[in-house]
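Q: One structure, as structure tokens, below. Some questions next.
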Amino acid sequence: MKLVKLAALAALSLAASVASAQVIKIGFITSYSGLNGNLGPYMERAVRLYMKQHEKELPPGVSIQLITRDDTGPNPDKAKQLAQELIVRDRVAMLAGVIFTPNAMAIAPLATEAKVPFVIMNAGTAVITTRSPYIARTSFTLWQSSFPLGQWASKKYKTAYSLVSDFGPGHDAETGFSQAFEAGGGKIVAKVRVPLQNPDWAAYLQRVKDAKPDTLFVFIPAGKTATAVMKNFSDLGLPAAGIKLIGPGDITTDEELPNMGDVALGVTTMFHYSAAGDRPANKAFVAAWKAAYGANETPNFLSAGSWDGTAMIFEAIRQQKGKIDPDRTMEIFKNWKFPNSPRGPISIDPETRDIVQNEYLREVRRVAGQLANVEIETFATAVKDPWKELQKKK
Ligand code: PHB
């Protein structure tokens, strides 16, 4: 009798623990192949590192299952198909990740239709967040860096040449930079857009050299593309011709600095994150990264966006005690503030669901034998996406 009772009790408590053990599935889409396909792991590693460090903060019985998928680079059809499968078949509670704007745009209508919160951890074209009320972004917009860079450059240079990849973030970078540079009295001598995949850099940069601008403003997707631009810029003798290279931090992406070599020295950029930032939260982040992944490994801005995005997801899970309601999740995202991000204080603008953050003026310098994006000035604090701010005034 006693034994039977015990067994029944054990069965009951097992049932109760099974019922309360809750796995929250997150569909994580990024690029592990294709253009700059080496960047996916910089995002996934950040998500996993945050999860490992903070799993104890999840409500009792709640765990996260990260389901990773390769969108194969800028490939909106593939991204859409993966998001659809994650929503319908895997029944994920949220979507996250995404390096490339066209992919984020393709997923946006699915997030709306299925009411699945979608945390953008990289893609930076301003308009993305307007495409679904279920999107919140923890990365950046190109306007956020290129507009203040234009303001700064207009005080230093008379003429600028703009060279950008021909897709969303490139168009934003070009417009944001040009508007600010011209408003500050500078003259844009050319606006050239190059194909996203395999442009003939030597041909484009020779034309820049012939135009003799004071400065060359470049946006290209971070990663190997940035190194290709840097090498061609140097090989064709643009530095010797007195042309200064500037851009958002994508052009001196932290993890590529060792591959770029000394040609990167002195390049000035505006950005929200540098692995060399000396905030205590960043030092701890970089140290944890090296401890987990190796002394020669460095996180980059895609890692920072993914780390912070995971922190935001954790907050939503904690506040809802593991029971994810999409609309409640979006309310929590809209009010999220993170004073201690590796990049400094950040928050989500409740009106636009876009990131608010500092912009740092940086220069590539040699620090303790290594090239680094040294933050020389906090150029602007609590910057909202300038494109959205300007739209409001229209
Ligand atoms: C984007 O597609 O939005 C994108 C890609 C690479 C970057 C920045 C933005 O470095």
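Chain labels follow the order of the structure tokens: the first chain is A, the next B, and so on; residue numbering restarts at 1 in every chain, and ligands are counted from 1 in their shown order.
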Pick out the residues sitting within 12 Å of A:Gly369, and hand them over as a list in words; count only C-alpha atoms, and ignore anything fewer than 3 positions along from it in its own chain.
A: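 Answer for this query is Pro258, Gly261, Asp262, Arg365, Arg366 and Ala372 of chain A.
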Q: What's around A:Gly184 at 7 Å? Count only C-alpha atoms, leave out sequence neighbours fewer than 4 positions away in its own chain, and write the answer as a VMD selection string.
A: chain A and resid 151 154 180
Q: At a cut-off of 12 Å, using only C-alpha atoms, what residues contact A:Val208? Leave out same-chain residues fewer than 4 positions from it and give the result as number ranges by chain.
A: A: 159-163, 189-192, 201-204, 212-218, 232-233, 236-239, 241-245
Q: I need the residue nearest A:Thr225 from this list: A:Glu375, A:Ala111, A:Gly37, A:Tyr50. Use only C-alpha atoms for the distance.
A: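 Ranking A:Glu375, A:Ala111, A:Gly37, A:Tyr50 by distance to A:Thr225, first place goes to A:Gly37.
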Q: Would you list the contacts of A:His171 as a list in words, taking every protein, DNA or RNA residue within 12 Å and counting only C-alpha atoms, but skipping same-chain residues closer than 4 positions in sequence?
A: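 Listing them by chain and then by number gives Thr101, Gly124, Thr125, Ala126, Val127, Thr141, Leu142, Trp143, Ser146, Ser162, Leu163, Val164, Ser165, Asp166, Phe167, Thr175, Gly176, Phe177, Ser178, Lys191, Val192, Arg193, Val194, Leu196, Val218, Phe219 and Ile220 of chain A.
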Q: DSSP on the backbone: which residues in stretch 238-294 of chain A end up as strand (DSSP E or B)? Give the answer as number ranges by chain.
A: A: 244-248, 268-271
Q: Apply DSSP to the backbone of this structure and, from stretch 23-126 of chain A, keep only the residues in alpha helix (DSSP H); write these as a PyMOL selection string.
A: chain A and resi 40-54+76-88+101-114
Q: Per residue of chain A within 6 Å of ligand 1, record the nearest atom pair and its distance in Å to one decimal, counting only C-alpha atoms and all ligand atoms, with rows in chain order and ascending residue number, as JSON lines.
A:
{"residue": "A:Ile99", "atom": "CA", "partner": "ligand 1", "partner_atom_place_in_ligand_line": "5 (C)", "distance": 5.4}
{"residue": "A:Phe100", "atom": "CA", "partner": "ligand 1", "partner_atom_place_in_ligand_line": "2 (O)", "distance": 3.2}
{"residue": "A:Thr101", "atom": "CA", "partner": "ligand 1", "partner_atom_place_in_ligand_line": "2 (O)", "distance": 3.8}
{"residue": "A:Ala123", "atom": "CA", "partner": "ligand 1", "partner_atom_place_in_ligand_line": "3 (O)", "distance": 3.4}
{"residue": "A:Gly124", "atom": "CA", "partner": "ligand 1", "partner_atom_place_in_ligand_line": "3 (O)", "distance": 3.9}
{"residue": "A:Thr125", "atom": "CA", "partner": "ligand 1", "partner_atom_place_in_ligand_line": "3 (O)", "distance": 5.2}
{"residue": "A:Pro169", "atom": "CA", "partner": "ligand 1", "partner_atom_place_in_ligand_line": "3 (O)", "distance": 5.1}
{"residue": "A:Pro221", "atom": "CA", "partner": "ligand 1", "partner_atom_place_in_ligand_line": "10 (O)", "distance": 3.6}
{"residue": "A:Ala222", "atom": "CA", "partner": "ligand 1", "partner_atom_place_in_ligand_line": "10 (O)", "distance": 3.8}
{"residue": "A:Asp250", "atom": "CA", "partner": "ligand 1", "partner_atom_place_in_ligand_line": "10 (O)", "distance": 4.9}
